[in-house]
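Colleague: A single structure is presented below for examination.
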Amino acid sequence: MNYMPGTASLIEDIDKKHLVLLRDGRTLIGILRSIDQFANLVLHQTVERIHVGKKFGDIPRGIFVVRGENVVLLGEVDLDKECDQILQRVSIEEILEEQRIEQQAKQESERLKLQAVKERGLSMPKADALDDF
């Protein structure tokens with residue numbers, strides 16, 4: 001087949017299962033139904049996959065429209081290897097609880113780091129201030 005530049009090369013991937021990593025860190029898995037010149041995507045039968053340690057859970061999301069500027073990574077899922085997982089599937093409730101505990105631990109760690117920096121007479125810029133650079 002001839003070379004197609006940009007998102008046109010993804011036309012062959014329509015109606016195949018894909019994994020999409022978003023800029024905010026979320027992972028979506030669904031069937032690619034449409035794509036345009038801006039890499040805006042329409043995913044069908046989409047699930048949001050949450051990973052915590054060696055566990056994962058899938059939250060059904062249905063039809064999902066993703067703005068192209070939020071896509072970090074897009075890749076086709078190998079259906080033959082999809083079942084060969086070393087991760088343990090758990091319920092939605094369990095993975096959300098694990099995620100909440102992990103986020104609390106990260107927040108506590110950040111709080112302790114900030115406290116240690118302040119005790120040494122230093123200051124840390126706020127995360128929002130770094131977005132301006």
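Chain labels A, B, ... are given in the sequence in which chains occur in the structure tokens; within each chain residues are numbered consecutively from 1, and ligands are likewise numbered from 1 in the order shown.
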With a cut-off of 8 Å, could you pull out the residues of stretch 34-128 of chain A touching stretch 13-20 of chain A and give me the nearest pair of atoms for each, distance in Å to one decimal, using only C-alpha atoms, ordered by chain and ascending number, as CSV?
Modeller:
```
residue,atom,partner,partner_atom,distance
A:Ser34,CA,A:Ile14,CA,6.6
A:Val71,CA,A:Val20,CA,6.8
A:Val72,CA,A:Val20,CA,7.5
A:Leu73,CA,A:Val20,CA,5.7
A:Leu74,CA,A:Val20,CA,4.6
A:Gly75,CA,A:Leu19,CA,5.3
A:Glu76,CA,A:His18,CA,4.2
A:Val77,CA,A:His18,CA,5.1
```
Colleague: Mind dumping the selected residues with all heavy atoms as a JSON list (two decimals), in the first residue's frame?
Modeller:
```json
[["chain", "number", "residue", "atom", "x", "y", "z"],
["A", 34, "SER", "N", -13.83, 6.10, 14.29],
["A", 34, "SER", "CA", -13.63, 7.26, 13.42],
["A", 34, "SER", "C", -12.41, 8.04, 13.87],
["A", 34, "SER", "O", -12.05, 8.03, 15.04],
["A", 34, "SER", "CB", -14.87, 8.16, 13.47],
["A", 34, "SER", "OG", -14.71, 9.27, 12.64],
["A", 71, "VAL", "N", -4.45, 12.98, 23.12],
["A", 71, "VAL", "CA", -3.91, 11.64, 22.88],
["A", 71, "VAL", "C", -2.38, 11.66, 23.01],
["A", 71, "VAL", "O", -1.71, 12.42, 22.33],
["A", 71, "VAL", "CB", -4.32, 11.13, 21.47],
["A", 71, "VAL", "CG1", -3.66, 9.79, 21.19],
["A", 71, "VAL", "CG2", -5.83, 11.03, 21.36],
["A", 72, "VAL", "N", -1.87, 10.84, 23.89],
["A", 72, "VAL", "CA", -0.42, 10.69, 24.05],
["A", 72, "VAL", "C", 0.07, 9.50, 23.24],
["A", 72, "VAL", "O", 1.10, 9.55, 22.58],
["A", 72, "VAL", "CB", -0.04, 10.50, 25.55],
["A", 72, "VAL", "CG1", 1.44, 10.19, 25.71],
["A", 72, "VAL", "CG2", -0.42, 11.72, 26.34],
["A", 73, "LEU", "N", -0.72, 8.42, 23.28],
["A", 73, "LEU", "CA", -0.32, 7.18, 22.62],
["A", 73, "LEU", "C", -1.56, 6.47, 22.12],
["A", 73, "LEU", "O", -2.59, 6.45, 22.80],
["A", 73, "LEU", "CB", 0.42, 6.30, 23.63],
["A", 73, "LEU", "CG", 0.87, 4.95, 23.13],
["A", 73, "LEU", "CD1", 2.38, 4.84, 23.32],
["A", 73, "LEU", "CD2", 0.17, 3.86, 23.89],
["A", 74, "LEU", "N", -1.45, 5.91, 20.93],
["A", 74, "LEU", "CA", -2.54, 5.13, 20.34],
["A", 74, "LEU", "C", -1.93, 3.87, 19.76],
["A", 74, "LEU", "O", -0.98, 3.94, 18.98],
["A", 74, "LEU", "CB", -3.24, 5.92, 19.24],
["A", 74, "LEU", "CG", -4.28, 5.19, 18.39],
["A", 74, "LEU", "CD1", -5.51, 4.87, 19.23],
["A", 74, "LEU", "CD2", -4.66, 6.02, 17.18],
["A", 75, "GLY", "N", -2.45, 2.73, 20.15],
["A", 75, "GLY", "CA", -1.89, 1.47, 19.64],
["A", 75, "GLY", "C", -2.94, 0.40, 19.53],
["A", 75, "GLY", "O", -3.88, 0.33, 20.32],
["A", 76, "GLU", "N", -2.78, -0.46, 18.53],
["A", 76, "GLU", "CA", -3.71, -1.56, 18.33],
["A", 76, "GLU", "C", -3.47, -2.64, 19.38],
["A", 76, "GLU", "O", -2.33, -2.96, 19.71],
["A", 76, "GLU", "CB", -3.53, -2.14, 16.93],
["A", 76, "GLU", "CG", -4.57, -3.18, 16.57],
["A", 76, "GLU", "CD", -4.42, -3.69, 15.15],
["A", 76, "GLU", "OE1", -3.70, -3.10, 14.35],
["A", 76, "GLU", "OE2", -5.06, -4.73, 14.87],
["A", 77, "VAL", "N", -4.55, -3.19, 19.89],
["A", 77, "VAL", "CA", -4.47, -4.26, 20.88],
["A", 77, "VAL", "C", -4.33, -5.59, 20.14],
["A", 77, "VAL", "O", -5.11, -5.89, 19.24],
["A", 77, "VAL", "CB", -5.73, -4.28, 21.78],
["A", 77, "VAL", "CG1", -5.72, -5.48, 22.70],
["A", 77, "VAL", "CG2", -5.84, -2.99, 22.56]]
```
Colleague: Got a sec: who's within 7 Å of A:Phe38, counting only C-alpha atoms, leaving out chain neighbours fewer than 2 positions off, as a list in words?
Modeller: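 Selected residues are Asp36, Asn40 and Gly68 of chain A.
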Colleague: Nearest to A:Gly57: which of A:Leu79, A:Leu41, A:Ile29, A:Ile92 is it, counting only C-alpha atoms?
Modeller: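 Of all the options, A:Ile92 lies closest to A:Gly57.
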Colleague: List every residue of chain A that DSSP, applied to the backbone of this structure, places in helix (DSSP H, G or I), and write the result as a PyMOL selection string.
Modeller: chain A and resi 6-13+68-70+92-119+127-130
Colleague: If we count only C-alpha atoms, what is near A:Arg89 at a cut-off of 8 Å, once residues fewer than 2 positions away on the same chain are taken out, given as an MDAnalysis selection string?
Modeller: chainID A and resid 55:57 87 91
Colleague: Write out as a PyMOL selection string each polymer residue whose atoms come within 12 Å of A:His51, counting only C-alpha atoms; drop sequence neighbours fewer than 3 positions from it.
Modeller: chain A and resi 25-28+48+54-59+87-92+94-100+102
Colleague: Using DSSP on the backbone coordinates, identify the residues of stretch 7-127 of chain A assigned to strand (DSSP E); present them as an mmCIF file with N, CA and C atoms, in the first residue's frame.
Modeller:
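As a result, part-v8.cif now contains:
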```cif
data_model
loop_
_atom_site.group_PDB
_atom_site.id
_atom_site.type_symbol
_atom_site.label_atom_id
_atom_site.label_comp_id
_atom_site.auth_asym_id
_atom_site.auth_seq_id
_atom_site.Cartn_x
_atom_site.Cartn_y
_atom_site.Cartn_z
ATOM 1 N N LYS A 17 -9.585 -2.986 17.696
ATOM 2 C CA LYS A 17 -9.482 -2.627 19.106
ATOM 3 C C LYS A 17 -8.172 -1.892 19.364
ATOM 4 N N HIS A 18 -8.261 -0.737 20.048
ATOM 5 C CA HIS A 18 -7.084 0.088 20.325
ATOM 6 C C HIS A 18 -7.012 0.481 21.789
ATOM 7 N N LEU A 19 -5.801 0.734 22.239
ATOM 8 C CA LEU A 19 -5.532 1.298 23.552
ATOM 9 C C LEU A 19 -5.122 2.742 23.333
ATOM 10 N N VAL A 20 -5.704 3.653 24.103
ATOM 11 C CA VAL A 20 -5.390 5.081 23.996
ATOM 12 C C VAL A 20 -4.952 5.564 25.367
ATOM 13 N N LEU A 21 -3.758 6.149 25.425
ATOM 14 C CA LEU A 21 -3.263 6.760 26.652
ATOM 15 C C LEU A 21 -3.494 8.253 26.527
ATOM 16 N N LEU A 22 -4.208 8.829 27.495
ATOM 17 C CA LEU A 22 -4.541 10.247 27.453
ATOM 18 C C LEU A 22 -3.542 11.078 28.247
ATOM 19 N N THR A 27 -6.254 5.530 30.766
ATOM 20 C CA THR A 27 -6.065 4.547 29.705
ATOM 21 C C THR A 27 -7.433 4.082 29.245
ATOM 22 N N LEU A 28 -7.689 4.212 27.949
ATOM 23 C CA LEU A 28 -8.950 3.776 27.364
ATOM 24 C C LEU A 28 -8.684 2.631 26.401
ATOM 25 N N ILE A 29 -9.590 1.677 26.361
ATOM 26 C CA ILE A 29 -9.512 0.579 25.406
ATOM 27 C C ILE A 29 -10.873 0.477 24.736
ATOM 28 N N GLY A 30 -10.872 0.552 23.411
ATOM 29 C CA GLY A 30 -12.129 0.477 22.686
ATOM 30 C C GLY A 30 -11.892 0.254 21.204
ATOM 31 N N ILE A 31 -12.971 0.104 20.478
ATOM 32 C CA ILE A 31 -12.906 -0.116 19.034
ATOM 33 C C ILE A 31 -12.905 1.238 18.340
ATOM 34 N N LEU A 32 -11.874 1.480 17.543
ATOM 35 C CA LEU A 32 -11.743 2.752 16.822
ATOM 36 C C LEU A 32 -12.793 2.800 15.718
ATOM 37 N N ARG A 33 -13.681 3.771 15.789
ATOM 38 C CA ARG A 33 -14.750 3.895 14.798
ATOM 39 C C ARG A 33 -14.524 5.049 13.831
ATOM 40 N N SER A 34 -13.830 6.103 14.287
ATOM 41 C CA SER A 34 -13.633 7.257 13.416
ATOM 42 C C SER A 34 -12.407 8.035 13.867
ATOM 43 N N ILE A 35 -11.790 8.701 12.895
ATOM 44 C CA ILE A 35 -10.640 9.568 13.174
ATOM 45 C C ILE A 35 -10.645 10.676 12.138
ATOM 46 N N LEU A 41 -10.711 11.185 17.988
ATOM 47 C CA LEU A 41 -11.069 9.777 17.886
ATOM 48 C C LEU A 41 -12.485 9.532 18.384
ATOM 49 N N VAL A 42 -13.139 8.553 17.818
ATOM 50 C CA VAL A 42 -14.383 8.024 18.362
ATOM 51 C C VAL A 42 -14.132 6.555 18.654
ATOM 52 N N LEU A 43 -14.291 6.192 19.923
ATOM 53 C CA LEU A 43 -14.108 4.808 20.361
ATOM 54 C C LEU A 43 -15.456 4.236 20.771
ATOM 55 N N HIS A 44 -15.692 2.987 20.386
ATOM 56 C CA HIS A 44 -16.945 2.307 20.683
ATOM 57 C C HIS A 44 -16.656 1.162 21.657
ATOM 58 N N GLN A 45 -17.617 0.822 22.498
ATOM 59 C CA GLN A 45 -17.457 -0.217 23.520
ATOM 60 C C GLN A 45 -16.196 0.044 24.349
ATOM 61 N N THR A 46 -16.053 1.272 24.776
ATOM 62 C CA THR A 46 -14.855 1.717 25.481
ATOM 63 C C THR A 46 -14.910 1.342 26.957
ATOM 64 N N VAL A 47 -13.752 0.949 27.480
ATOM 65 C CA VAL A 47 -13.579 0.769 28.918
ATOM 66 C C VAL A 47 -12.393 1.620 29.357
ATOM 67 N N GLU A 48 -12.494 2.148 30.557
ATOM 68 C CA GLU A 48 -11.358 2.851 31.152
ATOM 69 C C GLU A 48 -10.652 1.853 32.051
ATOM 70 N N ARG A 49 -9.387 1.587 31.752
ATOM 71 C CA ARG A 49 -8.625 0.603 32.525
ATOM 72 C C ARG A 49 -7.798 1.337 33.574
ATOM 73 N N ILE A 50 -7.947 0.899 34.813
ATOM 74 C CA ILE A 50 -7.202 1.478 35.932
ATOM 75 C C ILE A 50 -6.239 0.430 36.445
ATOM 76 N N HIS A 51 -4.950 0.809 36.520
ATOM 77 C CA HIS A 51 -3.903 -0.084 37.014
ATOM 78 C C HIS A 51 -3.429 0.407 38.384
ATOM 79 N N VAL A 52 -3.337 -0.497 39.315
ATOM 80 C CA VAL A 52 -2.747 -0.204 40.622
ATOM 81 C C VAL A 52 -1.921 -1.426 40.998
ATOM 82 N N LYS A 55 -2.708 -5.149 39.875
ATOM 83 C CA LYS A 55 -4.146 -5.331 39.708
ATOM 84 C C LYS A 55 -4.668 -4.323 38.691
ATOM 85 N N PHE A 56 -5.776 -4.688 38.043
ATOM 86 C CA PHE A 56 -6.431 -3.745 37.147
ATOM 87 C C PHE A 56 -7.928 -3.976 37.167
ATOM 88 N N GLY A 57 -8.651 -2.923 36.802
ATOM 89 C CA GLY A 57 -10.099 -3.007 36.695
ATOM 90 C C GLY A 57 -10.548 -2.195 35.497
ATOM 91 N N ASP A 58 -11.633 -2.622 34.875
ATOM 92 C CA ASP A 58 -12.186 -1.941 33.707
ATOM 93 C C ASP A 58 -13.529 -1.327 34.069
ATOM 94 N N ILE A 59 -13.663 -0.028 33.769
ATOM 95 C CA ILE A 59 -14.922 0.679 33.986
ATOM 96 C C ILE A 59 -15.553 0.908 32.618
ATOM 97 N N PRO A 60 -16.728 0.353 32.351
ATOM 98 C CA PRO A 60 -17.366 0.547 31.044
ATOM 99 C C PRO A 60 -17.716 2.015 30.829
ATOM 100 N N ARG A 61 -17.376 2.554 29.651
ATOM 101 C CA ARG A 61 -17.648 3.956 29.333
ATOM 102 C C ARG A 61 -18.507 4.136 28.084
ATOM 103 N N GLY A 62 -18.691 3.084 27.288
ATOM 104 C CA GLY A 62 -19.532 3.174 26.097
ATOM 105 C C GLY A 62 -18.835 3.880 24.948
ATOM 106 N N ILE A 63 -19.554 4.775 24.282
ATOM 107 C CA ILE A 63 -18.970 5.543 23.178
ATOM 108 C C ILE A 63 -18.191 6.700 23.773
ATOM 109 N N PHE A 64 -16.974 6.885 23.306
ATOM 110 C CA PHE A 64 -16.074 7.887 23.875
ATOM 111 C C PHE A 64 -15.488 8.724 22.744
ATOM 112 N N VAL A 65 -15.625 10.045 22.829
ATOM 113 C CA VAL A 65 -15.029 10.955 21.854
ATOM 114 C C VAL A 65 -13.809 11.586 22.519
ATOM 115 N N VAL A 66 -12.655 11.465 21.869
ATOM 116 C CA VAL A 66 -11.403 11.963 22.435
ATOM 117 C C VAL A 66 -10.855 13.055 21.526
ATOM 118 N N VAL A 71 -4.447 12.979 23.124
ATOM 119 C CA VAL A 71 -3.910 11.636 22.878
ATOM 120 C C VAL A 71 -2.384 11.664 23.010
ATOM 121 N N VAL A 72 -1.866 10.838 23.892
ATOM 122 C CA VAL A 72 -0.418 10.691 24.055
ATOM 123 C C VAL A 72 0.069 9.500 23.244
ATOM 124 N N LEU A 73 -0.719 8.416 23.280
ATOM 125 C CA LEU A 73 -0.317 7.185 22.623
ATOM 126 C C LEU A 73 -1.557 6.469 22.121
ATOM 127 N N LEU A 74 -1.453 5.911 20.925
ATOM 128 C CA LEU A 74 -2.537 5.126 20.341
ATOM 129 C C LEU A 74 -1.933 3.869 19.762
ATOM 130 N N GLY A 75 -2.451 2.725 20.152
ATOM 131 C CA GLY A 75 -1.891 1.471 19.644
ATOM 132 C C GLY A 75 -2.941 0.397 19.529
ATOM 133 N N GLU A 76 -2.780 -0.457 18.530
ATOM 134 C CA GLU A 76 -3.713 -1.555 18.333
ATOM 135 C C GLU A 76 -3.466 -2.641 19.383
ATOM 136 N N GLN A 88 -3.769 -9.071 37.670
ATOM 137 C CA GLN A 88 -4.975 -9.692 38.212
ATOM 138 C C GLN A 88 -6.162 -8.759 38.006
ATOM 139 N N ARG A 89 -7.222 -9.254 37.361
ATOM 140 C CA ARG A 89 -8.444 -8.453 37.178
ATOM 141 C C ARG A 89 -9.233 -8.470 38.486
#
```
